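Undergrad: Pasting in a structure now, in structure tokens, and then I'll have a few things to ask.
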Amino acid sequence: MTATVTAPPPAHLRQGLIAQNPSILWFLAILAAFCFGVTFLAEATGTGALSTSMVKTLGKTLCLCLVALAMDVVWGYCGILSLGHMAFFGLGGYAIGMWLMYARTEIIVVQSLAEATLPPTAAEIRDGIATQIFGVVGGNEFPAVWAFAHSLPLQLAMVVLVPGLLALVFGWLAFRSRVTGVYLSILTQAMTLALSLYLFQNDSGLRGNNGLSGLQNIPGLAAMGQDVIAIAFFWASALALALGYLLFAWVVSGKMGSVIRAIRDDEARVRFLGYHVESYKLFVFTLTAVVSGIAGALYYPQAGIINPAELAPIASIYLAVWVAIGGRGRLYGAVIGAAVVSLLSSWFTGGGAPDVNLGFYTVQWTDWWLVLLGVSFVLVTLFAPKGLGGLIDLIAERRAPQRVGDYGPDRSALRREEGPPQGGEQ
Amino acid sequence: MTRFRLLRVLLALLLMVPAAASAQTLQDVLQRHAEEVADPGRRTVAPVIDDLVASGLSGVPSFLTAWSERSVVRRVEDGLFFVAREEAGGTLALLDIATGEPVAASVPGDAVESVRPNGGVQRVIGTALVQFQLSDPDITVRRQAVGALARALAPSQIAPLSASIEGETDPALKERKERLLSYLLARFGASPEARVAALDTLAGDLSVATRAVLNQILDTEFRVTAEAPEGPRVARVLVPGDDIARDAAYAALVEAGLAQAAPTPAEMKAALEASIVEGQVGGVPVAQLFTDEARARAYGALAEAGTVPPLVTEAQIDAALAAHTFFEEYAETDADVIAAAARALASTRTTVAVNQAADLGLDALSLASIYFLAAIGLAITFGVMGVINMAHGEFIMMGAYTGYVVQLFVPDYTLSLLIALPLAFAVTFGAGVAMERLVIRWLYHRPLETLLATFGISIMLQQLAKNIFGTQARPLTAPGWLDGSLVINDVVSISYIRIAIFVLALIFLAVLLYVLNRTRLGLEVRAVTQNPGMAASMGIDPDRINMLTFGLGSGIAGIAGVAIGLYAQVTSEMGQAYIVQSFMTVVVGGVGNVWGTLAGAGLIGLSQKGIEWLNPANTLAAQTYMILLVILFIQFRPRGIVALRGRAAEA
Amino acid sequence: MSALLEVSGVSVTFDGFRAINNLSIAIGEPELRAIIGPNGAGKTTFMDIVTGKTKPDAGRVTWGERSLSLLGMSESRIAREGIGRKFQKPTVFEAQTVRDNLAMALKNRRGPFDVLVWRERPDDTARIEEIADEIGLSAHLPRIAGELSHGQKQWLEIGMLLAQEPRLLLVDEPAAGMTPAERAHTTDLLKRAAETRAVVVVEHDMEFVRRLGCKVTVLHEGSVLAEGSIDHVAANRDVIDVYLGR
């Protein structure tokens, strides 16, 4: 990042990344203010006006904003409507969840075996942990996928590697056969479905539909209260979001942004310019998958539990919905969409919203929220393709922006005249 | 001995008419054996039964039944036998032993002594009864007797069964008897030749019973010996580590007394725990016993001191395993019979495999019809309009709920089905047209956004269905004539509902091909598919065509919903179960072509069933692999099986 | 003169329709060549084959001194080998600025990571401005390409081609929809470009071809009907029959 800011820019670019994109500063400032505000109101560090569960919800929301950012880059900028990024998010969660569960169970098992007459052997401890973890699916041995679960650094590497490699392999297969448009979306959806069905199996090695649980208990930090852990994860999530925003702002500005937007608009033409389109798509797809995995790894310790339903295709479609409602083709749009829709969703479904009595019928929002979401989603698609982010345009009275290096929304991100569904050539 | 007696019995049966002429009564025969009848024992009862059967009297079967059911009594005063029936007030009514006519009433319980044959005697009586039942004039009784016989095959049944075959009038039952006789002869035949002959008749038969008989003959027993076994009785030699786990093999050795028991880790641990002396075990401090090596050292010291059984090392185990042979041995001793049974089983397995393949083919066909029904509407809208309708699954759901609502009002299931099919079409046609007019029309040329907008509609419809019908599954009952299955043999069968769905899919295929290829609407649809601009300039209203196409696609989804609802649960989420499969079908088949969808559905149905067959335990895994297969398939045929080529495809 | 591009014996069939039938054409360097022919003669398919968009059923396409086969190369690889293409319909990236369009086309390394860390250096800037000057869009550099007029888009696309610095330019109907003044400008551009490299122009408009003053190849039903100067082919009986005579 520093290199890009300090490199001597040419005449018309004698501004750094941040100066060139003032929204970055705005974003970071608002995020920082939000973080300090929450810290000030939290139970552990402030007045306690915000409950610990609320802090966790906000921290989780920040993670969702991060994965929405990734989705925006891959869809809004590169034109790949991936219905698989929540699967990468979930894989990141599983990767960290395995360590959390292993390490915590290890502590419990070692404690219980300490009472025994003979000091336990390593194998006994391992068997004890395996029985604890896999008893629920009738197993008592560690499957091969848990080979690294004992090690935090290795499992952290998995957070990046597993989604990254899956995206790399899947993307390579999909892009090289020139699958584009809705075809590609369906294919990513199929991948997601295959993954979640696989995880639903009891012999997948990841506890089937029980998933991984107890993730909110951070091993080694038992002395620390959940209120402190919540605020720590909140800050970690905020930091990840800020770094993610900077990373993606860097990626989508400059020539890279130019090329990937060009691919979105007319990939055949980009090929004739000599760019290997598939590599670019693969780069964007994999990078965003890795960021999604990291977001998931921060999300699930706050959620406490992960199960295969979290990876179902519907989750990835919701992600697309957030980005669309927030306004795709601009980074802050994705953040706004994810934050607003996911918070509203938990408000409505959590019973926070008051029932509406129509006299003949009482609208209970737990039942009607999805109907409302569906309708508003259709309306946004039809009438407000810019999404909520479009409101910012009204406030800022943005004129046609200086396009050089800018990564704001452009016409093609919103209304692209697409050909027939079959994209690629044979 | 038994066999000879039974032969006599048979002879007697054949000579029934002359025997009846000798004018003795049943009571006479019984009185001749009075003591044996009153207090029957397994050994003593046989001559009585022989005599009874030989007498050929018509009352014999009913007496045998009564005897066996312990309702025969002997009157104390004169020693005559009667059938007793309890009356109200604890007294008995006595019936004539041969005719069943009442003889005396209100007899006190102590005036008679009851005859109580034990279980063994009852079995002997039962066997004797079977011969009567097997030749009973009432076919139901004969069927029951054959059924009872088939449930418990025994050597004694050979004679009565073979005797009853000739007189059997019902061809099906006769065939069944012959088959049973083959089973009996194969298992209990007098000579190896007879058994081999019977076994040869069983070859290639795929019924479960035949396979059970063959497997019983080929039953094996696990054995271990020091010297390598030879001969026809060795079914299979087991290699420790491959065919049999090392631990299990060693345990077998120990059990056979061929090796010394090795203390298990748990036993070792218990021994160590029991031997802690002043914080030490065998000279090793307890605190150091957290490795297997230290524990082995401590245990070794204990063993040397003789306080615990000695440790058996891995090398010792290996040596013991190497020195012995583990094998399975046939319980059957005759080499020819073993060979014949193995031959018959192999041939049966081949037949079973062929039939399983046929059954799998039927399953795949019915799955393919379901996918075809579910996907064809999607394929039409996708092909003609380039629109992916994510709410397609919800249209299927709407169709199924329409069927459910119709059944609420029309209790006759056949009639309600006849109403539901067109009504479901109408409802979803209307919903489709409304959706096209209100939403999709504004999003042409923005396929990704159509995908999302229709997804919005999808979650809305799902939640609405949940709000209206609740979350629990609703039944959509099939008419009675669709219950049950068409059973072709023990392996191949298919339920009538699936046949009906297959027929429905065929009808749809025919109707769609007709509409698309032979009608004005079809012509216009194809024109709009190939070149909307040109079609418009020729006076075709693409708006109208799009609307109708979308309606048609949705309407078909509705009908598919009724069909699917007949055998699956109707829930608000049922559409989701089919939507991805439908997409896969369209993607694999190729867009914009009925035949493509058919090919896609066929391929997906077949491969899914194929994968399930390879890994039958796990349908989830089958679906996972199926999807992976589709993703790989796209690598080779990115445009599907039936692809448009040339300029049209690149436009 | 050894040919820069040599197409020999190429055939391609779409669903039974022979779009290209045993076609052989050789282009030298530098050379300006015009390819004419009626609709459906296979002009665009010829370009598709050279640029790798369509794979022929038979024949060879070789390139450069080392006679590399272009068949089997991806479109982007062929473009990097030095073949640039301008489409009939102007295809510029309408959502991006003229400068971005040109910057993307500049001859630079094309890998994703090279592009990610790419910074515009002074010589890049100079090159962009030079090209903009040549295509007459200097004043429009910061404008969104979608806002340009049709002719300006055509020029921008030619400018992007020049920025690629290809050895062979394939230009499909560059003058379509242009005013006479714009046509003259375009002719100059192409002639100048052809001084240092090979330029192949596919054109309908005989006047425009005459103005180019170069060797002409006439295509008909997927193969070469005649080749030579414009006056030579215009006098050819076959050509008059199938094309000019109508």
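Ordering of the structure tokens sets the chain letters (A, B, ...), residue numbers begin anew at 1 in every chain, and ligands are numbered from 1 in the order given.
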Can I get the residues of chain A within 6 Å of chain C, each with the closest pair of atoms and their distance in Å to one decimal, using only C-alpha atoms, sorted chain first then ascending number, as JSON lines?
TA:
```
{"residue": "A:Met256", "atom": "CA", "partner": "C:Leu116", "partner_atom": "CA", "distance": 5.2}
{"residue": "A:Arg271", "atom": "CA", "partner": "C:Ser76", "partner_atom": "CA", "distance": 4.7}
{"residue": "A:Phe272", "atom": "CA", "partner": "C:Ala79", "partner_atom": "CA", "distance": 5.5}
{"residue": "A:Gly274", "atom": "CA", "partner": "C:Ser76", "partner_atom": "CA", "distance": 4.0}
{"residue": "A:Tyr275", "atom": "CA", "partner": "C:Ser76", "partner_atom": "CA", "distance": 5.3}
{"residue": "A:His276", "atom": "CA", "partner": "C:Ser76", "partner_atom": "CA", "distance": 5.4}
{"residue": "A:Tyr280", "atom": "CA", "partner": "C:Pro112", "partner_atom": "CA", "distance": 5.7}
{"residue": "A:Arg403", "atom": "CA", "partner": "C:Thr97", "partner_atom": "CA", "distance": 5.9}
```
Undergrad: Write out as a list in words which residues come within 12 Å of Ile240 (chain C) when counting only C-alpha atoms, dropping same-chain ones fewer than 5 positions away.
TA: Gly37, Pro38, Val218, His220, Leu225, Ala226, Asp231, His232, Val233, Ala234, Ala235, Gly245 and Arg246 of chain C
Undergrad: Restricted to all heavy atoms, what would the selected residues look like written as a PDB file, in the first residue's frame?
TA:
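Result file is part_33.pdb:
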```pdb
ATOM      1  N   GLY C  37     -15.694  -7.820 -51.007  1.00  0.00           N
ATOM      2  CA  GLY C  37     -16.522  -8.948 -51.380  1.00  0.00           C
ATOM      3  C   GLY C  37     -17.932  -8.700 -50.929  1.00  0.00           C
ATOM      4  O   GLY C  37     -18.162  -7.889 -50.016  1.00  0.00           O
ATOM      5  N   PRO C  38     -18.888  -9.376 -51.559  1.00  0.00           N
ATOM      6  CA  PRO C  38     -20.290  -9.161 -51.176  1.00  0.00           C
ATOM      7  C   PRO C  38     -20.545  -9.745 -49.786  1.00  0.00           C
ATOM      8  O   PRO C  38     -19.700 -10.439 -49.229  1.00  0.00           O
ATOM      9  CB  PRO C  38     -21.072  -9.915 -52.245  1.00  0.00           C
ATOM     10  CG  PRO C  38     -20.114 -10.939 -52.769  1.00  0.00           C
ATOM     11  CD  PRO C  38     -18.750 -10.364 -52.622  1.00  0.00           C
ATOM     12  N   VAL C 218     -10.345  -9.888 -53.781  1.00  0.00           N
ATOM     13  CA  VAL C 218     -11.801 -10.015 -53.825  1.00  0.00           C
ATOM     14  C   VAL C 218     -12.176 -11.418 -53.323  1.00  0.00           C
ATOM     15  O   VAL C 218     -11.674 -12.416 -53.842  1.00  0.00           O
ATOM     16  CB  VAL C 218     -12.335  -9.806 -55.258  1.00  0.00           C
ATOM     17  CG1 VAL C 218     -13.855  -9.840 -55.247  1.00  0.00           C
ATOM     18  CG2 VAL C 218     -11.831  -8.497 -55.818  1.00  0.00           C
ATOM     19  N   HIS C 220     -15.124 -14.288 -52.654  1.00  0.00           N
ATOM     20  CA  HIS C 220     -16.480 -14.664 -53.039  1.00  0.00           C
ATOM     21  C   HIS C 220     -16.721 -16.101 -52.596  1.00  0.00           C
ATOM     22  O   HIS C 220     -15.927 -16.994 -52.880  1.00  0.00           O
ATOM     23  CB  HIS C 220     -16.657 -14.539 -54.552  1.00  0.00           C
ATOM     24  CG  HIS C 220     -18.009 -15.011 -55.001  1.00  0.00           C
ATOM     25  ND1 HIS C 220     -19.170 -14.432 -54.545  1.00  0.00           N
ATOM     26  CD2 HIS C 220     -18.376 -15.996 -55.848  1.00  0.00           C
ATOM     27  CE1 HIS C 220     -20.205 -15.043 -55.090  1.00  0.00           C
ATOM     28  NE2 HIS C 220     -19.747 -16.000 -55.891  1.00  0.00           N
ATOM     29  N   LEU C 225     -11.399 -14.654 -55.328  1.00  0.00           N
ATOM     30  CA  LEU C 225     -11.915 -14.616 -56.687  1.00  0.00           C
ATOM     31  C   LEU C 225     -10.901 -13.939 -57.601  1.00  0.00           C
ATOM     32  O   LEU C 225     -10.653 -14.373 -58.718  1.00  0.00           O
ATOM     33  CB  LEU C 225     -13.254 -13.858 -56.711  1.00  0.00           C
ATOM     34  CG  LEU C 225     -14.036 -13.891 -58.003  1.00  0.00           C
ATOM     35  CD1 LEU C 225     -14.519 -15.306 -58.283  1.00  0.00           C
ATOM     36  CD2 LEU C 225     -15.236 -12.957 -57.912  1.00  0.00           C
ATOM     37  N   ALA C 226     -10.311 -12.848 -57.104  1.00  0.00           N
ATOM     38  CA  ALA C 226      -9.331 -12.113 -57.906  1.00  0.00           C
ATOM     39  C   ALA C 226      -8.433 -11.334 -56.981  1.00  0.00           C
ATOM     40  O   ALA C 226      -8.788 -11.048 -55.832  1.00  0.00           O
ATOM     41  CB  ALA C 226     -10.045 -11.164 -58.860  1.00  0.00           C
ATOM     42  N   ASP C 231      -7.935  -1.275 -60.210  1.00  0.00           N
ATOM     43  CA  ASP C 231      -8.362  -1.211 -61.608  1.00  0.00           C
ATOM     44  C   ASP C 231      -8.328  -2.597 -62.241  1.00  0.00           C
ATOM     45  O   ASP C 231      -9.205  -2.958 -63.016  1.00  0.00           O
ATOM     46  CB  ASP C 231      -7.450  -0.254 -62.391  1.00  0.00           C
ATOM     47  CG  ASP C 231      -7.599   1.161 -61.858  1.00  0.00           C
ATOM     48  OD1 ASP C 231      -8.740   1.515 -61.502  1.00  0.00           O
ATOM     49  OD2 ASP C 231      -6.586   1.877 -61.735  1.00  0.00           O
ATOM     50  N   HIS C 232      -7.314  -3.375 -61.844  1.00  0.00           N
ATOM     51  CA  HIS C 232      -7.195  -4.735 -62.384  1.00  0.00           C
ATOM     52  C   HIS C 232      -8.418  -5.566 -62.002  1.00  0.00           C
ATOM     53  O   HIS C 232      -9.037  -6.205 -62.848  1.00  0.00           O
ATOM     54  CB  HIS C 232      -5.912  -5.373 -61.845  1.00  0.00           C
ATOM     55  CG  HIS C 232      -5.799  -6.828 -62.157  1.00  0.00           C
ATOM     56  ND1 HIS C 232      -5.372  -7.316 -63.394  1.00  0.00           N
ATOM     57  CD2 HIS C 232      -6.064  -7.932 -61.403  1.00  0.00           C
ATOM     58  CE1 HIS C 232      -5.387  -8.621 -63.368  1.00  0.00           C
ATOM     59  NE2 HIS C 232      -5.794  -9.033 -62.173  1.00  0.00           N
ATOM     60  N   VAL C 233      -8.761  -5.544 -60.709  1.00  0.00           N
ATOM     61  CA  VAL C 233      -9.883  -6.391 -60.302  1.00  0.00           C
ATOM     62  C   VAL C 233     -11.205  -5.845 -60.806  1.00  0.00           C
ATOM     63  O   VAL C 233     -12.134  -6.586 -61.095  1.00  0.00           O
ATOM     64  CB  VAL C 233      -9.962  -6.616 -58.769  1.00  0.00           C
ATOM     65  CG1 VAL C 233      -8.722  -7.308 -58.270  1.00  0.00           C
ATOM     66  CG2 VAL C 233     -10.227  -5.335 -58.031  1.00  0.00           C
ATOM     67  N   ALA C 234     -11.273  -4.513 -60.930  1.00  0.00           N
ATOM     68  CA  ALA C 234     -12.522  -3.930 -61.401  1.00  0.00           C
ATOM     69  C   ALA C 234     -12.785  -4.349 -62.843  1.00  0.00           C
ATOM     70  O   ALA C 234     -13.930  -4.367 -63.297  1.00  0.00           O
ATOM     71  CB  ALA C 234     -12.468  -2.406 -61.295  1.00  0.00           C
ATOM     72  N   ALA C 235     -11.715  -4.721 -63.579  1.00  0.00           N
ATOM     73  CA  ALA C 235     -11.890  -5.114 -64.966  1.00  0.00           C
ATOM     74  C   ALA C 235     -12.148  -6.614 -65.095  1.00  0.00           C
ATOM     75  O   ALA C 235     -12.474  -7.095 -66.170  1.00  0.00           O
ATOM     76  CB  ALA C 235     -10.642  -4.723 -65.765  1.00  0.00           C
ATOM     77  N   GLY C 245     -21.300  -6.142 -60.868  1.00  0.00           N
ATOM     78  CA  GLY C 245     -22.336  -6.150 -61.872  1.00  0.00           C
ATOM     79  C   GLY C 245     -23.736  -5.973 -61.307  1.00  0.00           C
ATOM     80  O   GLY C 245     -24.657  -5.630 -62.016  1.00  0.00           O
ATOM     81  N   ARG C 246     -23.881  -6.230 -60.039  1.00  0.00           N
ATOM     82  CA  ARG C 246     -25.230  -6.182 -59.487  1.00  0.00           C
ATOM     83  C   ARG C 246     -25.684  -4.784 -59.171  1.00  0.00           C
ATOM     84  O   ARG C 246     -24.878  -3.962 -58.755  1.00  0.00           O
ATOM     85  CB  ARG C 246     -25.291  -7.021 -58.227  1.00  0.00           C
ATOM     86  CG  ARG C 246     -25.444  -8.486 -58.571  1.00  0.00           C
ATOM     87  CD  ARG C 246     -25.761  -9.283 -57.363  1.00  0.00           C
ATOM     88  NE  ARG C 246     -24.608  -9.311 -56.468  1.00  0.00           N
ATOM     89  CZ  ARG C 246     -24.557 -10.056 -55.367  1.00  0.00           C
ATOM     90  NH1 ARG C 246     -25.585 -10.785 -55.024  1.00  0.00           N
ATOM     91  NH2 ARG C 246     -23.499 -10.062 -54.621  1.00  0.00           N
TER      92      ARG C 246
END
```
Undergrad: Taking 6 positions as the minimum chain separation for residues in the same chain, which residues sit within 8 Å of region 66-71 of chain A when counting only C-alpha atoms? Answer as number ranges by chain.
TA: A: 82, 85-86, 89, 240-241, 244-245, 248, 288-289, 291-292, 295-296, 319-320, 322-323, 331-332, 334-335, 338
Undergrad: Find the spatial neighbours of Arg343 (chain B), counting only C-alpha atoms, within a cut-off of 9 Å - ignore same-chain residues fewer than 3 positions away - and output them as an MDAnalysis selection string.
TA: chainID B and resid 199:200 203 338:340 346:348
Undergrad: Deliver the residues from the most recent selection as a file, using N, CA, C and O atoms, as a PDB file, in the first residue's frame.
TA:
```pdb
ATOM      1  N   LEU B 199     -30.227 -78.474  -7.233  1.00  0.00           N
ATOM      2  CA  LEU B 199     -29.511 -77.199  -7.296  1.00  0.00           C
ATOM      3  C   LEU B 199     -29.459 -76.695  -8.729  1.00  0.00           C
ATOM      4  O   LEU B 199     -29.617 -75.493  -8.988  1.00  0.00           O
ATOM      5  N   ASP B 200     -29.265 -77.612  -9.663  1.00  0.00           N
ATOM      6  CA  ASP B 200     -29.172 -77.178 -11.053  1.00  0.00           C
ATOM      7  C   ASP B 200     -30.477 -76.557 -11.528  1.00  0.00           C
ATOM      8  O   ASP B 200     -30.473 -75.641 -12.346  1.00  0.00           O
ATOM      9  N   ALA B 203     -30.546 -72.772 -10.615  1.00  0.00           N
ATOM     10  CA  ALA B 203     -29.599 -71.820 -11.208  1.00  0.00           C
ATOM     11  C   ALA B 203     -30.341 -70.739 -11.969  1.00  0.00           C
ATOM     12  O   ALA B 203     -31.280 -71.015 -12.717  1.00  0.00           O
ATOM     13  N   ILE B 338     -21.261 -78.450  -3.047  1.00  0.00           N
ATOM     14  CA  ILE B 338     -20.688 -77.112  -2.930  1.00  0.00           C
ATOM     15  C   ILE B 338     -20.506 -76.505  -4.313  1.00  0.00           C
ATOM     16  O   ILE B 338     -20.898 -75.365  -4.579  1.00  0.00           O
ATOM     17  N   ALA B 339     -19.941 -77.323  -5.206  1.00  0.00           N
ATOM     18  CA  ALA B 339     -19.693 -76.804  -6.545  1.00  0.00           C
ATOM     19  C   ALA B 339     -21.004 -76.444  -7.229  1.00  0.00           C
ATOM     20  O   ALA B 339     -21.135 -75.377  -7.836  1.00  0.00           O
ATOM     21  N   ALA B 340     -21.997 -77.326  -7.103  1.00  0.00           N
ATOM     22  CA  ALA B 340     -23.281 -77.066  -7.758  1.00  0.00           C
ATOM     23  C   ALA B 340     -23.938 -75.817  -7.181  1.00  0.00           C
ATOM     24  O   ALA B 340     -24.474 -74.977  -7.914  1.00  0.00           O
ATOM     25  N   ALA B 346     -23.741 -68.323  -8.620  1.00  0.00           N
ATOM     26  CA  ALA B 346     -23.105 -67.428  -9.584  1.00  0.00           C
ATOM     27  C   ALA B 346     -24.087 -67.088 -10.693  1.00  0.00           C
ATOM     28  O   ALA B 346     -24.242 -65.917 -11.069  1.00  0.00           O
ATOM     29  N   SER B 347     -24.773 -68.100 -11.173  1.00  0.00           N
ATOM     30  CA  SER B 347     -25.726 -67.854 -12.247  1.00  0.00           C
ATOM     31  C   SER B 347     -26.873 -66.978 -11.746  1.00  0.00           C
ATOM     32  O   SER B 347     -27.337 -66.072 -12.436  1.00  0.00           O
ATOM     33  N   THR B 348     -27.294 -67.238 -10.494  1.00  0.00           N
ATOM     34  CA  THR B 348     -28.341 -66.409  -9.915  1.00  0.00           C
ATOM     35  C   THR B 348     -27.875 -64.963  -9.779  1.00  0.00           C
ATOM     36  O   THR B 348     -28.603 -64.024 -10.082  1.00  0.00           O
TER      37      THR B 348
END
```
Undergrad: Tell me, counting only C-alpha atoms, for each residue of chain B within 6 Å of chain A, which pair of atoms is nearest and how far apart they are in Å to one decimal, in rows ordered by chain and increasing number, as a tab-separated table.
TA:
```
residue	atom	partner	partner_atom	distance
B:Leu289	CA	A:Pro119	CA	6.0
B:Phe290	CA	A:Thr121	CA	4.3
B:Thr291	CA	A:Thr121	CA	5.1
B:Gly386	CA	A:Pro421	CA	5.4
B:His445	CA	A:Glu418	CA	5.1
B:Arg446	CA	A:Glu418	CA	5.9
B:Ala453	CA	A:Val378	CA	4.8
B:Gly456	CA	A:Gly374	CA	4.1
B:Ile457	CA	A:Gly374	CA	5.7
B:Ile459	CA	A:Gly374	CA	5.8
B:Met460	CA	A:Val371	CA	4.2
B:Leu620	CA	A:Leu197	CA	5.9
B:Thr624	CA	A:Ala194	CA	4.5
B:Gln635	CA	A:Ser177	CA	5.4
```
Undergrad: For the selection you just gave me, I'd like the residues written to a file as a compact mmCIF listing (two decimals), in the first residue's frame, keeping all heavy atoms.
TA:
```
# COMPACT_ATOMS: atom_id res chain seq x y z
N LEU B 289 4.63 -41.85 33.60
CA LEU B 289 3.88 -42.82 32.80
C LEU B 289 2.95 -42.14 31.80
O LEU B 289 1.81 -42.55 31.65
CB LEU B 289 3.09 -43.76 33.72
CG LEU B 289 3.94 -44.71 34.54
CD1 LEU B 289 3.06 -45.53 35.47
CD2 LEU B 289 4.73 -45.62 33.64
N PHE B 290 3.43 -41.09 31.14
CA PHE B 290 2.56 -40.43 30.17
C PHE B 290 2.99 -40.74 28.74
O PHE B 290 2.55 -40.09 27.79
CB PHE B 290 2.50 -38.92 30.41
CG PHE B 290 3.85 -38.26 30.39
CD1 PHE B 290 4.40 -37.84 29.17
CD2 PHE B 290 4.57 -38.06 31.56
CE1 PHE B 290 5.63 -37.24 29.16
CE2 PHE B 290 5.80 -37.46 31.53
CZ PHE B 290 6.34 -37.05 30.33
N THR B 291 3.89 -41.75 28.59
CA THR B 291 4.19 -42.20 27.23
C THR B 291 3.99 -43.70 27.18
O THR B 291 4.04 -44.39 28.20
CB THR B 291 5.65 -41.90 26.83
OG1 THR B 291 6.51 -42.61 27.70
CG2 THR B 291 5.97 -40.41 26.91
N GLY B 386 -34.05 -16.09 -22.73
CA GLY B 386 -32.77 -15.85 -22.08
C GLY B 386 -32.95 -15.45 -20.63
O GLY B 386 -32.09 -14.80 -20.05
N HIS B 445 -32.53 -8.21 -21.48
CA HIS B 445 -31.13 -7.86 -21.74
C HIS B 445 -30.37 -7.59 -20.46
O HIS B 445 -29.25 -7.11 -20.50
CB HIS B 445 -31.00 -6.64 -22.68
CG HIS B 445 -31.79 -6.82 -23.92
ND1 HIS B 445 -31.55 -7.84 -24.80
CD2 HIS B 445 -32.83 -6.13 -24.43
CE1 HIS B 445 -32.40 -7.77 -25.80
NE2 HIS B 445 -33.21 -6.74 -25.61
N ARG B 446 -30.96 -7.87 -19.33
CA ARG B 446 -30.21 -7.77 -18.08
C ARG B 446 -30.40 -9.08 -17.34
O ARG B 446 -30.98 -9.13 -16.27
CB ARG B 446 -30.72 -6.60 -17.25
CG ARG B 446 -30.37 -5.25 -17.88
CD ARG B 446 -31.30 -4.17 -17.41
NE ARG B 446 -31.13 -3.83 -16.01
CZ ARG B 446 -31.97 -3.06 -15.35
NH1 ARG B 446 -33.02 -2.54 -15.95
NH2 ARG B 446 -31.75 -2.79 -14.09
N ALA B 453 -34.03 -10.53 -9.48
CA ALA B 453 -35.41 -10.09 -9.23
C ALA B 453 -36.31 -11.30 -9.04
O ALA B 453 -37.14 -11.33 -8.12
CB ALA B 453 -35.91 -9.25 -10.40
N GLY B 456 -35.96 -12.58 -5.71
CA GLY B 456 -36.77 -11.82 -4.74
C GLY B 456 -38.19 -12.35 -4.71
O GLY B 456 -38.77 -12.56 -3.64
N ILE B 457 -38.75 -12.61 -5.90
CA ILE B 457 -40.10 -13.15 -5.97
C ILE B 457 -40.15 -14.53 -5.33
O ILE B 457 -41.10 -14.88 -4.63
CB ILE B 457 -40.55 -13.20 -7.44
CG1 ILE B 457 -40.67 -11.77 -7.97
CG2 ILE B 457 -41.88 -13.94 -7.57
CD1 ILE B 457 -40.83 -11.67 -9.44
N ILE B 459 -38.29 -15.77 -2.81
CA ILE B 459 -38.35 -15.79 -1.33
C ILE B 459 -39.69 -15.25 -0.86
O ILE B 459 -40.24 -15.70 0.15
CB ILE B 459 -37.19 -15.01 -0.66
CG1 ILE B 459 -37.06 -13.60 -1.17
CG2 ILE B 459 -35.89 -15.75 -0.78
CD1 ILE B 459 -36.01 -12.80 -0.42
N MET B 460 -40.26 -14.32 -1.61
CA MET B 460 -41.56 -13.78 -1.24
C MET B 460 -42.63 -14.88 -1.31
O MET B 460 -43.40 -15.07 -0.37
CB MET B 460 -41.90 -12.64 -2.18
CG MET B 460 -43.14 -11.92 -1.86
SD MET B 460 -43.46 -10.69 -3.14
CE MET B 460 -44.28 -11.68 -4.34
N LEU B 620 -26.92 -38.17 -0.16
CA LEU B 620 -26.32 -36.83 -0.14
C LEU B 620 -25.03 -36.83 -0.94
O LEU B 620 -24.79 -35.95 -1.77
CB LEU B 620 -26.01 -36.41 1.30
CG LEU B 620 -27.17 -35.88 2.11
CD1 LEU B 620 -26.68 -35.49 3.49
CD2 LEU B 620 -27.79 -34.69 1.43
N THR B 624 -23.83 -34.78 -4.31
CA THR B 624 -22.59 -34.02 -4.39
C THR B 624 -21.80 -34.42 -5.63
O THR B 624 -21.39 -33.57 -6.42
CB THR B 624 -21.73 -34.28 -3.14
OG1 THR B 624 -22.56 -34.15 -2.00
CG2 THR B 624 -20.58 -33.32 -3.07
N GLN B 635 -17.06 -28.72 -18.86
CA GLN B 635 -15.74 -28.51 -19.44
C GLN B 635 -15.68 -29.01 -20.87
O GLN B 635 -15.00 -28.45 -21.71
CB GLN B 635 -14.68 -29.26 -18.63
CG GLN B 635 -14.56 -28.79 -17.21
CD GLN B 635 -14.22 -27.35 -17.14
OE1 GLN B 635 -13.22 -26.91 -17.68
NE2 GLN B 635 -15.07 -26.56 -16.51
```
